[in-house]
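Only one structure is covered here, and it is reproduced in the block below.
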Amino acid sequence: MANNNIILNHDFSGGLQFWHPNCCHGYVVSQASGCAEGVVSESGTAYAVVSNRSQPWQGLEQDITSRLSPHSSYTFSASVRVRGCHESHVQATVRLEHVGSSPTFAHVGSTKASSGKWVKLEGKFSLTSVPVRVIVYLEGPDPGVELLVDHVYLCHCSGPSHRKFEEEVKGVTDDEAENIILNPRFEDGLNSWSERGCKIVLHDSMGDGKVLPMTGKVFASATDRTQNWNGIQQEITGRVQRKLAYEVSAIVRIFGNSPSADVRATLWVQNTNQREQYIGIANVQATDKEWTQLQGKFLLNGAASRAIIYLEGPSAGTDILVNSLVVKHAMKPPPSLPPVLENPAYGVNIIENSNLSNGLNGWFPLGPCTLAVSTGSPHLLPPMARESLGAHEPLTGSYILVTNRTQNWMGPAQMISDKVKLFLTYQVSAWVRVGSMANGPQNVNVALGVDNQWVNGGQVEVSEDRWFEIGGSFRMEKQPTKIMVYIQGPAPGVDLMVAGLQIFPVDRQARFKHLKKQIDKVRKRDVILKFTSSDSDGLSGTVVRVKQIRNSFPFGTCIGRSNIDNEDFVDFFVNNFNWVVFGNELKWYWTEPQQGNLNYKDADEMLDLCLGHGIETRGHCIFWEVQSAIQQWVQSLNSNDLRTAVQNRLTSLLSRYKGRFRHYDVNNEMLHGSFYQDRLGKDIRAYMFKTAHQLDPSAMLFVNDYHVEDGDDTRSSPEKYIEHILDLQEQGAPVGGIGVQGHIDNPVGSIVCSALDKLGILGLPVWFTELDVSSINEYVRADDLEVMLRECYAHPAVEGIVLWGFWELFMSRDNAYLVGAEGDINEAGKRYLSLKKEWMSHAHGHIDEQGEFRFRGFLGSYNLEIFNFGRQVAQTFVVDKGESPLEIQIKL
């Protein structure tokens with residue numbers, strides 16, 4: 001078997017040659033020294049020890065790329081044990097690295113490893129194609145636990161000894177067995193394939209032999225393309241099932257008049273009611289130099305009478321080349337492990353010499369600018385940092401003065417590579433100011449260079465007259481090699497001043513304790529149930545049970561038309577949300593894609609479902625100010641025709657749905673776009689509000705924008721948003737609510753709360769209208785979601801929360817879902833349900849001598865059960881908002 005072994009130095013007789021400890025330490029114990037370690041090698045030669053492990057994923061790995069073959073299956077085995085605990089989980093994983101996309105991971109096998117004996121870890125995996133890099137590694141024990149490895153084998157499945165394995169993986173891991181695509185590698189010519197508005201041709205080479213298949217002997221091309229949607233397609237009707245997630249993998253490249261182009265995989269579906277749907281599956285930037293892997297997933301919610309998958313994308317004249325296409329049932333990824341945060345040192349600043357008591361030690365200029373230490377900056381920490389840190393030492397009043405700046409990016413910098421821990425959320429805080437040479441407001445940014453990638457740590461717009469607070473956050477979820485923090489932004493020639501830069505990990509649990517008290521104050525009310533009975537002794541011994549059946553606070557979600565064809569989706573939706581917003585189906589480009597061609601059918605069907613279940617609806621959106629979101633026919637209108645089209649849109653939508661949508665986002669993202677204002681003048685925005693109110697006076701009219709709550713965008717800071725709202729109101733616009741979208745990363749409670757405090761000054765209700773959080777680790781995602789839900793629910797200005805979806809493959813951001821594509825609830829979904837349960841009140845006890853029963857409960861609807869000598873009485877009541885105790889008379 002060793003002769004067939006793909007693993008090099010499988011018995012560690014050559015030390016750690018060909019092996020690499022991943023962000024930890026490793027060494028080899030030979031047979032001669034085995035006794036000193038207390039463990040004898042099972043192979044009789046040597047074994048590896050992996051130590052200094054601070055994360056579960058740290059272990060031993062080997063690059064096996066050059067020794068693998070496409071369309072092959074492999075068996076894996078290793079002897080493992082642990083030291084530092086009695087037993088721990090060990091698993092083998094394969095990391096697949098692709099060009100232009102994130103790595104994917106395949107679970108190979110796992111076992112419970114013991115400290116007392118060697119245990120065999122075995123597993124299997126297969127490959128459709130060999131990506132750019134394939135790494136096999138062993139991981140899994142808890143941090144601090146040493147992993148011992150011996151006798152590692154990885155063998156190609158062939159011959160009689162592997163016949164059983166081939167049978168086991170058939171239909172499970174073998175792409176050929178699972179693939180619903182017929183003739184996926186064109187061995188049977190172009191059978192089962194067809195052209196989509198162009199020609200398709202079979203090739204063994206192209207470009208004078210320079211373009212050859214990546215795998216197999218042939219490939220296909222879609223040529224003579226005159227439209228972006230032209231390409232190669234295959235009908236998969238009857239082979240694709242609803243409510244199953246499918247993963248798609250294709251090997252593609254381009255040929256022709258463009259060196260690179262976007263290639264997309266799309267699914268066209270015609271439902272049983274003749275409704276057509278286009279599902280975007282995946283896209284990749286393909287080149288004319290090499291083959292590229294395109295990967296994605298899709299799911300059909302409803303039954304399909306026809307389904308066709310096709311490749312499209314490049315502009316006319318560019319050929320799409322396809323070497324293979326695989327569509328198979330998607331394997332569920334292994335569940336996330338909770339990140340282990342050892343010694344997080346919450347609240348401890350990782351910036352060296354932040355107070356400048358040691359001059360400029362630890363600091364260096366980024367670029368040929370000049371740094372100096374001056375005095376005269378604030379002694380107090382910025383408010384958002386004080387909110388997080390509580391009692392803290394004051395600042396020294398010293399600051400860094402940056403002069404001779406010839407580029408925007410020049411400023412003070414510091415290396416923090418060895419101080420940032422994975423999965424911790426870090427808050428950023430500082431005072432900043434600009435010099436007198438500034439010509440108008442300047443943008444200042446705390447930035448991080450993470451392996452030469454820019455990461456936003458916070459931004460603020462400053463003027464020359466005072467110090468400004470800058471706040472932001474960041475988190476690392478993959479181990480970087482180098483992290484540099486630097487402050488940048490003002491125009492060249494403008495001096496920059498920075499004081500008291502703080503970067504520290506945030507203690508979220510400590511914040512939650514404060515929020516629980518605030519939630520009790522804001523969302524609960526004292527209730528006195530006063531009982532009377534015709535029988536003077538009728539109250540004696542009476543038992544009361546109070547159970548809340550509905551929280552009156554709006555918890556909503558975004559849905560799409562196709563979602564309501566999936567019974568599992570609908571079941572989760574109607575049972576866990578009481579408000580809804582439509583993702584696209586009410587937007588102008590959806591309801592009138594071509595001028596005069598109105599489509600309200602989708603919105604009508606969705607609205608009927610929601611109203612049938614007592615779910616309130618938000619109208620999103622009447623207009624969208626960002627030009628890229630406006631259909632081409634609207635953009636091509638002259639000013640007079642555009643004004644008429646705007647009026648027609650208002651009249652058509654608002655008249656049709658009068659009284660049915662409780663809210664409308666009138667003109668979406670006005671802080672980030674200005675199409676209508678540029679074309680029709682400043683008054684058009686207020687006109688939209690005023691006309692909408694005239695057409696449907698019952699609807700509350702909202703502004704709606706993003707990055708208001710996180711400190712990441714100077715265009716939509718709370719101050720800019722307030723100025724924008726006041727300007728609309730001065731023009732007579734009946735602005736009824738403030739929409740904060742909430743597409744947030746690494747949320748920090750004090751930063752979110754600070755924004756809400758500022759917006760609350762206007763006295764208008766604030767809604768989070770499109771809330772989502774994103775993390776590759778579902779436990780971290782759950783923590784982020786809890787931060788946002790608790791902050792919103794605790795703040796008196798917030799009157800509703802709407803998530804921007806919850807179901808995998810139907811959200812605008814990856815790694816943001818609460819429920820998997822096939823209905824499994826992940827840790828983030830469980831956290832949401834747990835909080836919903838926490839915010840429901842229950843009480844029971846006896847009626848007191850005064851004939852009363854008192855409790856404090858969340859606002860909403862309640863069931864009341866009364867038990868008295870075998871009699872049981874039930875009724876309902878509602879707890880509304882109010883300062884004084886609510887007294888409810890109950891007659892028995």
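Each chain in the structure tokens gets a letter, A, B, ..., in the order shown, and its residues are numbered from 1; ligands are numbered from 1 in order too.
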List the spatial neighbours of stretch 51-64 of chain A as an mmCIF file with N, CA and C atoms, in the first residue's frame - criterion: any atom at most 10 Å away, only C-alpha atoms, same-chain residues fewer than 6 positions off excluded.
data_model
loop_
_atom_site.group_PDB
_atom_site.id
_atom_site.type_symbol
_atom_site.label_atom_id
_atom_site.label_comp_id
_atom_site.auth_asym_id
_atom_site.auth_seq_id
_atom_site.Cartn_x
_atom_site.Cartn_y
_atom_site.Cartn_z
ATOM 1 N N ILE A 6 0.033 8.527 -1.751
ATOM 2 C CA ILE A 6 0.237 9.869 -2.285
ATOM 3 C C ILE A 6 0.953 10.757 -1.275
ATOM 4 N N ILE A 7 0.827 10.447 0.013
ATOM 5 C CA ILE A 7 1.480 11.222 1.064
ATOM 6 C C ILE A 7 2.978 10.959 1.060
ATOM 7 N N LEU A 8 3.750 12.015 1.012
ATOM 8 C CA LEU A 8 5.209 11.902 1.088
ATOM 9 C C LEU A 8 5.647 11.918 2.550
ATOM 10 N N LEU A 16 10.040 16.344 9.495
ATOM 11 C CA LEU A 16 8.825 17.013 9.028
ATOM 12 C C LEU A 16 8.922 17.418 7.557
ATOM 13 N N GLN A 17 9.852 16.786 6.824
ATOM 14 C CA GLN A 17 9.974 17.085 5.401
ATOM 15 C C GLN A 17 8.634 16.853 4.702
ATOM 16 N N PHE A 18 8.211 17.806 3.873
ATOM 17 C CA PHE A 18 6.944 17.830 3.122
ATOM 18 C C PHE A 18 5.731 18.168 3.997
ATOM 19 N N TRP A 19 5.900 18.233 5.304
ATOM 20 C CA TRP A 19 4.797 18.568 6.197
ATOM 21 C C TRP A 19 4.943 20.001 6.697
ATOM 22 N N HIS A 20 3.813 20.612 7.047
ATOM 23 C CA HIS A 20 3.850 21.999 7.523
ATOM 24 C C HIS A 20 2.884 22.166 8.683
ATOM 25 N N PRO A 21 3.367 22.560 9.870
ATOM 26 C CA PRO A 21 2.442 22.887 10.970
ATOM 27 C C PRO A 21 1.758 24.225 10.680
ATOM 28 N N ASN A 22 0.448 24.247 10.709
ATOM 29 C CA ASN A 22 -0.345 25.417 10.324
ATOM 30 C C ASN A 22 -0.508 26.352 11.528
ATOM 31 N N CYS A 23 0.284 27.444 11.553
ATOM 32 C CA CYS A 23 0.193 28.471 12.606
ATOM 33 C C CYS A 23 0.381 27.865 14.002
ATOM 34 N N CYS A 24 1.207 26.851 14.108
ATOM 35 C CA CYS A 24 1.500 26.229 15.398
ATOM 36 C C CYS A 24 2.899 25.631 15.295
ATOM 37 N N HIS A 25 3.308 24.820 16.271
ATOM 38 C CA HIS A 25 4.631 24.214 16.258
ATOM 39 C C HIS A 25 4.514 22.713 16.011
ATOM 40 N N GLY A 26 5.576 22.124 15.448
ATOM 41 C CA GLY A 26 5.590 20.689 15.231
ATOM 42 C C GLY A 26 6.998 20.146 15.322
ATOM 43 N N TYR A 27 7.089 18.900 15.738
ATOM 44 C CA TYR A 27 8.379 18.221 15.781
ATOM 45 C C TYR A 27 8.130 16.725 15.676
ATOM 46 N N ARG A 83 -2.688 14.539 23.435
ATOM 47 C CA ARG A 83 -2.046 14.666 24.738
ATOM 48 C C ARG A 83 -2.425 16.029 25.303
ATOM 49 N N HIS A 89 -11.774 15.462 19.679
ATOM 50 C CA HIS A 89 -12.157 15.240 18.278
ATOM 51 C C HIS A 89 -10.979 15.569 17.360
ATOM 52 N N VAL A 90 -10.699 14.673 16.407
ATOM 53 C CA VAL A 90 -9.676 14.914 15.376
ATOM 54 C C VAL A 90 -10.321 14.637 14.025
ATOM 55 N N GLN A 91 -10.062 15.510 13.063
ATOM 56 C CA GLN A 91 -10.637 15.279 11.747
ATOM 57 C C GLN A 91 -9.618 15.564 10.649
ATOM 58 N N ALA A 92 -9.835 14.908 9.498
ATOM 59 C CA ALA A 92 -9.038 15.149 8.298
ATOM 60 C C ALA A 92 -9.878 15.969 7.334
ATOM 61 N N THR A 93 -9.264 16.989 6.756
ATOM 62 C CA THR A 93 -9.964 17.912 5.862
ATOM 63 C C THR A 93 -9.100 18.149 4.631
ATOM 64 N N VAL A 94 -9.748 18.411 3.513
ATOM 65 C CA VAL A 94 -9.054 18.806 2.295
ATOM 66 C C VAL A 94 -9.456 20.239 1.967
ATOM 67 N N ARG A 95 -8.461 21.107 1.795
ATOM 68 C CA ARG A 95 -8.710 22.488 1.390
ATOM 69 C C ARG A 95 -8.429 22.616 -0.104
ATOM 70 N N ARG A 133 -4.694 24.408 -6.025
ATOM 71 C CA ARG A 133 -3.924 23.871 -4.906
ATOM 72 C C ARG A 133 -4.834 23.005 -4.045
ATOM 73 N N VAL A 134 -4.313 21.842 -3.615
ATOM 74 C CA VAL A 134 -5.055 20.946 -2.741
ATOM 75 C C VAL A 134 -4.174 20.627 -1.535
ATOM 76 N N ILE A 135 -4.694 20.914 -0.346
ATOM 77 C CA ILE A 135 -3.972 20.674 0.905
ATOM 78 C C ILE A 135 -4.774 19.693 1.740
ATOM 79 N N VAL A 136 -4.147 18.626 2.200
ATOM 80 C CA VAL A 136 -4.798 17.740 3.156
ATOM 81 C C VAL A 136 -4.216 18.042 4.532
ATOM 82 N N TYR A 137 -5.087 18.125 5.535
ATOM 83 C CA TYR A 137 -4.577 18.448 6.868
ATOM 84 C C TYR A 137 -5.409 17.790 7.953
ATOM 85 N N LEU A 138 -4.757 17.637 9.108
ATOM 86 C CA LEU A 138 -5.387 17.087 10.297
ATOM 87 C C LEU A 138 -5.571 18.202 11.305
ATOM 88 N N GLU A 139 -6.760 18.272 11.919
ATOM 89 C CA GLU A 139 -7.109 19.372 12.803
ATOM 90 C C GLU A 139 -8.101 18.884 13.846
ATOM 91 N N GLY A 140 -8.620 19.795 14.679
ATOM 92 C CA GLY A 140 -9.789 19.493 15.486
ATOM 93 C C GLY A 140 -9.684 19.517 16.987
ATOM 94 N N PRO A 141 -8.565 19.038 17.599
ATOM 95 C CA PRO A 141 -8.564 19.050 19.070
ATOM 96 C C PRO A 141 -8.726 20.453 19.629
ATOM 97 N N ASP A 142 -9.191 20.527 20.855
ATOM 98 C CA ASP A 142 -9.350 21.820 21.505
ATOM 99 C C ASP A 142 -8.014 22.536 21.608
ATOM 100 N N PRO A 143 -8.024 23.874 21.658
ATOM 101 C CA PRO A 143 -6.781 24.616 21.842
ATOM 102 C C PRO A 143 -6.030 24.136 23.082
ATOM 103 N N GLY A 144 -4.718 24.077 22.950
ATOM 104 C CA GLY A 144 -3.886 23.614 24.066
ATOM 105 C C GLY A 144 -3.638 22.123 24.079
ATOM 106 N N VAL A 145 -4.450 21.363 23.314
ATOM 107 C CA VAL A 145 -4.291 19.909 23.253
ATOM 108 C C VAL A 145 -3.313 19.564 22.133
ATOM 109 N N GLU A 146 -2.290 18.771 22.459
ATOM 110 C CA GLU A 146 -1.323 18.373 21.448
ATOM 111 C C GLU A 146 -1.885 17.240 20.597
ATOM 112 N N LEU A 147 -1.624 17.306 19.293
ATOM 113 C CA LEU A 147 -2.083 16.305 18.338
ATOM 114 C C LEU A 147 -0.885 15.460 17.914
ATOM 115 N N LEU A 148 -0.998 14.144 18.001
ATOM 116 C CA LEU A 148 0.035 13.208 17.598
ATOM 117 C C LEU A 148 -0.429 12.477 16.341
ATOM 118 N N VAL A 149 0.469 12.373 15.355
ATOM 119 C CA VAL A 149 0.106 11.795 14.060
ATOM 120 C C VAL A 149 1.156 10.780 13.644
ATOM 121 N N LEU A 154 -2.777 8.098 1.891
ATOM 122 C CA LEU A 154 -3.800 8.601 0.995
ATOM 123 C C LEU A 154 -3.603 7.889 -0.331
ATOM 124 N N LEU A 337 -17.388 25.239 14.430
ATOM 125 C CA LEU A 337 -17.048 25.058 15.839
ATOM 126 C C LEU A 337 -17.034 26.428 16.502
ATOM 127 N N PRO A 338 -17.507 26.542 17.725
ATOM 128 C CA PRO A 338 -17.425 27.845 18.391
ATOM 129 C C PRO A 338 -15.969 28.274 18.504
ATOM 130 N N PRO A 339 -15.645 29.495 18.125
ATOM 131 C CA PRO A 339 -14.247 29.928 18.233
ATOM 132 C C PRO A 339 -13.816 29.967 19.694
ATOM 133 N N VAL A 340 -12.618 29.533 19.928
ATOM 134 C CA VAL A 340 -12.065 29.565 21.284
ATOM 135 C C VAL A 340 -11.292 30.869 21.442
ATOM 136 N N LEU A 341 -11.753 31.718 22.352
ATOM 137 C CA LEU A 341 -11.128 33.029 22.565
ATOM 138 C C LEU A 341 -10.331 32.970 23.862
ATOM 139 N N GLU A 342 -9.071 32.614 23.738
ATOM 140 C CA GLU A 342 -8.224 32.489 24.929
ATOM 141 C C GLU A 342 -7.689 33.853 25.346
ATOM 142 N N LYS A 421 -6.177 38.902 17.514
ATOM 143 C CA LYS A 421 -6.583 37.506 17.632
ATOM 144 C C LYS A 421 -7.806 37.245 16.749
ATOM 145 N N LEU A 422 -7.842 36.050 16.193
ATOM 146 C CA LEU A 422 -8.938 35.693 15.305
ATOM 147 C C LEU A 422 -10.274 35.676 16.033
#
- If you measure from atom CA of A:Gly207 to atom CA of A:Gln233, what distance in Å do you get, rounded to one decimal? 23.5 Å
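The residues of stretch 352-405 of chain A that DSSP classifies as helix (DSSP H, G or I), using the backbone of this structure, are Pro383, Met384, Ala385, Arg386, Glu387, Ser388 and Leu389 of chain A.
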- Message: When you look at A:Phe186 with a cut-off of 8 Å (counting only C-alpha atoms), what residues show up, excluding the ones that are within fewer than 3 positions of it in the same chain? I need them as an MDAnalysis selection string.
- Response: chainID A and resid 183 189:191 202 218:220 323:324
- Task: Taking the DSSP assignment computed from this structure's backbone, write out as a count of residues only all residues of stretch 490-604 of chain A that belong to strand (DSSP E).
- Result: 37
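Checking A:Arg871, A:Gln548, A:Ile751, A:Trp633 one by one against A:Phe855, counting only C-alpha atoms, you find the shortest gap at A:Gln548.
Taking only C-alpha atoms into account, A:Gln459 lies nearest to A:Thr714 out of the set A:Thr714, A:Ser129, A:Gln427, A:Ser534.
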Show which residues sit within 10 Å of A:Gln729, as a PDB file with N, CA, C and O atoms, in the first residue's frame. Count only C-alpha atoms, and ignore same-chain residues fewer than 6 positions away.
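Generated output (around.pdb):
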ATOM      1  N   ALA A 686     -38.974  66.149  -2.254  1.00  0.00           N
ATOM      2  CA  ALA A 686     -40.095  66.524  -1.397  1.00  0.00           C
ATOM      3  C   ALA A 686     -41.418  66.297  -2.122  1.00  0.00           C
ATOM      4  O   ALA A 686     -42.416  65.899  -1.502  1.00  0.00           O
ATOM      5  N   PHE A 689     -42.587  62.728  -1.682  1.00  0.00           N
ATOM      6  CA  PHE A 689     -43.184  62.512  -0.361  1.00  0.00           C
ATOM      7  C   PHE A 689     -44.592  63.098  -0.289  1.00  0.00           C
ATOM      8  O   PHE A 689     -45.538  62.449   0.178  1.00  0.00           O
ATOM      9  N   GLU A 723     -29.277  66.067   8.831  1.00  0.00           N
ATOM     10  CA  GLU A 723     -29.307  67.257   7.968  1.00  0.00           C
ATOM     11  C   GLU A 723     -30.202  67.023   6.751  1.00  0.00           C
ATOM     12  O   GLU A 723     -30.987  67.887   6.348  1.00  0.00           O
ATOM     13  N   VAL A 735     -42.035  63.460   6.192  1.00  0.00           N
ATOM     14  CA  VAL A 735     -41.198  62.316   6.567  1.00  0.00           C
ATOM     15  C   VAL A 735     -41.729  61.753   7.877  1.00  0.00           C
ATOM     16  O   VAL A 735     -41.743  62.433   8.899  1.00  0.00           O
ATOM     17  N   GLY A 736     -42.139  60.473   7.852  1.00  0.00           N
ATOM     18  CA  GLY A 736     -42.744  59.871   9.035  1.00  0.00           C
ATOM     19  C   GLY A 736     -41.841  58.927   9.784  1.00  0.00           C
ATOM     20  O   GLY A 736     -42.126  58.590  10.940  1.00  0.00           O
TER      21      GLY A 736
END
- Item | Long-range neighbours of A:Ala222 as a list of chain:residue names, 10 Å cut-off, only C-alpha atoms, 4 positions minimum in chain | A:Ser194, A:Glu195, A:Arg196, A:Gly197, A:Cys198, A:Lys199, A:Ile200, A:Val201, A:Leu202, A:Asn230, A:Gly231, A:Ile232, A:Gln233, A:Ile254, A:Phe255, A:Leu311, A:Glu312, A:Thr318, A:Asp319, A:Ile320, A:Leu321, A:Val322
- Item | Interatomic distance (Å, one decimal) between atom CA of A:Arg511 and atom CA of A:Gly749 | 7.3 Å
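Those residues that approach stretch 481-484 of chain A to within 9 Å, counting only C-alpha atoms, are Ala413, Gln414, Met415, Ile416, Ser417, Asp418, Val420, Ala447, Leu448, Gly449, Val450, Asp451 and Asn452 of chain A; same-chain residues fewer than 4 positions away are not listed.
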Residues from last step as file, all heavy atoms, as an mmCIF file, in the first residue's frame:
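Resulting contents of selection-v1.cif:
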data_model
loop_
_atom_site.group_PDB
_atom_site.id
_atom_site.type_symbol
_atom_site.label_atom_id
_atom_site.label_comp_id
_atom_site.auth_asym_id
_atom_site.auth_seq_id
_atom_site.Cartn_x
_atom_site.Cartn_y
_atom_site.Cartn_z
ATOM 1 N N ALA A 413 1.503 55.362 11.339
ATOM 2 C CA ALA A 413 1.213 53.944 11.189
ATOM 3 C C ALA A 413 1.894 53.145 12.287
ATOM 4 O O ALA A 413 2.845 53.614 12.936
ATOM 5 C CB ALA A 413 1.663 53.452 9.809
ATOM 6 N N GLN A 414 1.383 51.935 12.486
ATOM 7 C CA GLN A 414 1.942 51.038 13.489
ATOM 8 C C GLN A 414 1.611 49.603 13.089
ATOM 9 O O GLN A 414 0.513 49.323 12.583
ATOM 10 C CB GLN A 414 1.348 51.356 14.871
ATOM 11 C CG GLN A 414 2.043 50.631 16.006
ATOM 12 C CD GLN A 414 1.609 51.128 17.377
ATOM 13 O OE1 GLN A 414 1.243 50.342 18.239
ATOM 14 N NE2 GLN A 414 1.659 52.448 17.585
ATOM 15 N N MET A 415 2.560 48.692 13.310
ATOM 16 C CA MET A 415 2.331 47.277 13.024
ATOM 17 C C MET A 415 1.658 46.620 14.232
ATOM 18 O O MET A 415 2.090 46.808 15.365
ATOM 19 C CB MET A 415 3.641 46.562 12.711
ATOM 20 C CG MET A 415 4.397 47.115 11.514
ATOM 21 S SD MET A 415 3.416 47.161 9.981
ATOM 22 C CE MET A 415 3.043 45.412 9.775
ATOM 23 N N ILE A 416 0.591 45.848 13.959
ATOM 24 C CA ILE A 416 -0.127 45.166 15.051
ATOM 25 C C ILE A 416 -0.342 43.687 14.710
ATOM 26 O O ILE A 416 -1.247 43.043 15.250
ATOM 27 C CB ILE A 416 -1.470 45.850 15.342
ATOM 28 C CG1 ILE A 416 -2.335 45.937 14.072
ATOM 29 C CG2 ILE A 416 -1.259 47.246 15.917
ATOM 30 C CD1 ILE A 416 -3.746 46.445 14.320
ATOM 31 N N SER A 417 0.512 43.132 13.842
ATOM 32 C CA SER A 417 0.301 41.777 13.328
ATOM 33 C C SER A 417 0.177 40.742 14.434
ATOM 34 O O SER A 417 -0.679 39.848 14.370
ATOM 35 C CB SER A 417 1.461 41.381 12.399
ATOM 36 O OG SER A 417 1.683 42.377 11.433
ATOM 37 N N ASP A 418 1.020 40.830 15.443
ATOM 38 C CA ASP A 418 1.062 39.792 16.478
ATOM 39 C C ASP A 418 0.110 40.079 17.633
ATOM 40 O O ASP A 418 0.097 39.350 18.626
ATOM 41 C CB ASP A 418 2.489 39.645 17.016
ATOM 42 C CG ASP A 418 3.030 40.948 17.592
ATOM 43 O OD1 ASP A 418 2.458 42.015 17.296
ATOM 44 O OD2 ASP A 418 4.040 40.899 18.332
ATOM 45 N N VAL A 420 -3.405 40.968 17.118
ATOM 46 C CA VAL A 420 -4.810 40.759 16.751
ATOM 47 C C VAL A 420 -5.120 39.270 16.795
ATOM 48 O O VAL A 420 -4.424 38.465 16.177
ATOM 49 C CB VAL A 420 -5.101 41.332 15.354
ATOM 50 C CG1 VAL A 420 -6.537 41.016 14.939
ATOM 51 C CG2 VAL A 420 -4.862 42.831 15.335
ATOM 52 N N ALA A 447 -7.472 53.072 8.871
ATOM 53 C CA ALA A 447 -7.435 51.952 7.931
ATOM 54 C C ALA A 447 -6.491 50.874 8.437
ATOM 55 O O ALA A 447 -5.584 51.129 9.233
ATOM 56 C CB ALA A 447 -6.985 52.434 6.556
ATOM 57 N N LEU A 448 -6.724 49.659 7.951
ATOM 58 C CA LEU A 448 -5.824 48.553 8.238
ATOM 59 C C LEU A 448 -5.366 47.953 6.921
ATOM 60 O O LEU A 448 -6.191 47.689 6.030
ATOM 61 C CB LEU A 448 -6.507 47.474 9.093
ATOM 62 C CG LEU A 448 -6.862 47.919 10.511
ATOM 63 C CD1 LEU A 448 -8.345 48.233 10.602
ATOM 64 C CD2 LEU A 448 -6.493 46.858 11.525
ATOM 65 N N GLY A 449 -4.072 47.773 6.801
ATOM 66 C CA GLY A 449 -3.522 47.037 5.677
ATOM 67 C C GLY A 449 -3.331 45.598 6.114
ATOM 68 O O GLY A 449 -2.440 45.308 6.913
ATOM 69 N N VAL A 450 -4.184 44.723 5.630
ATOM 70 C CA VAL A 450 -4.149 43.313 6.026
ATOM 71 C C VAL A 450 -3.656 42.516 4.822
ATOM 72 O O VAL A 450 -4.387 42.279 3.874
ATOM 73 C CB VAL A 450 -5.544 42.828 6.471
ATOM 74 C CG1 VAL A 450 -5.486 41.373 6.918
ATOM 75 C CG2 VAL A 450 -6.084 43.712 7.590
ATOM 76 N N ASP A 451 -2.387 42.116 4.890
ATOM 77 C CA ASP A 451 -1.753 41.440 3.751
ATOM 78 C C ASP A 451 -2.024 42.205 2.461
ATOM 79 O O ASP A 451 -2.467 41.651 1.446
ATOM 80 C CB ASP A 451 -2.248 39.995 3.635
ATOM 81 C CG ASP A 451 -1.742 39.120 4.773
ATOM 82 O OD1 ASP A 451 -0.768 39.511 5.439
ATOM 83 O OD2 ASP A 451 -2.339 38.056 4.995
ATOM 84 N N ASN A 452 -1.823 43.526 2.529
ATOM 85 C CA ASN A 452 -1.945 44.435 1.391
ATOM 86 C C ASN A 452 -3.393 44.647 0.928
ATOM 87 O O ASN A 452 -3.625 45.207 -0.144
ATOM 88 C CB ASN A 452 -1.093 43.955 0.211
ATOM 89 C CG ASN A 452 0.379 43.882 0.562
ATOM 90 O OD1 ASN A 452 0.920 44.798 1.190
ATOM 91 N ND2 ASN A 452 1.036 42.788 0.190
#
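In this comparison, which uses only C-alpha atoms, the residue of A:Ala816, A:Ile564, A:Leu325, A:Ala372 approaching A:Ile776 most closely is A:Ala816.
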- Query: If we count only C-alpha atoms, what is near A:Val522 at a cut-off of 9 Å, once residues fewer than 4 positions away on the same chain are taken out, given as a ChimeraX atom specification?
  - Reply: /A:517-518,793-796
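Here atom CA of A:Val666 and atom CA of A:Tyr817 stand 27.4 Å from one another.
For the residues A:Cys792, A:Leu539, A:Ala782, A:Ile549, ranking by smallest atom-to-atom distance to A:Pro765 using only C-alpha atoms places A:Cys792 first.
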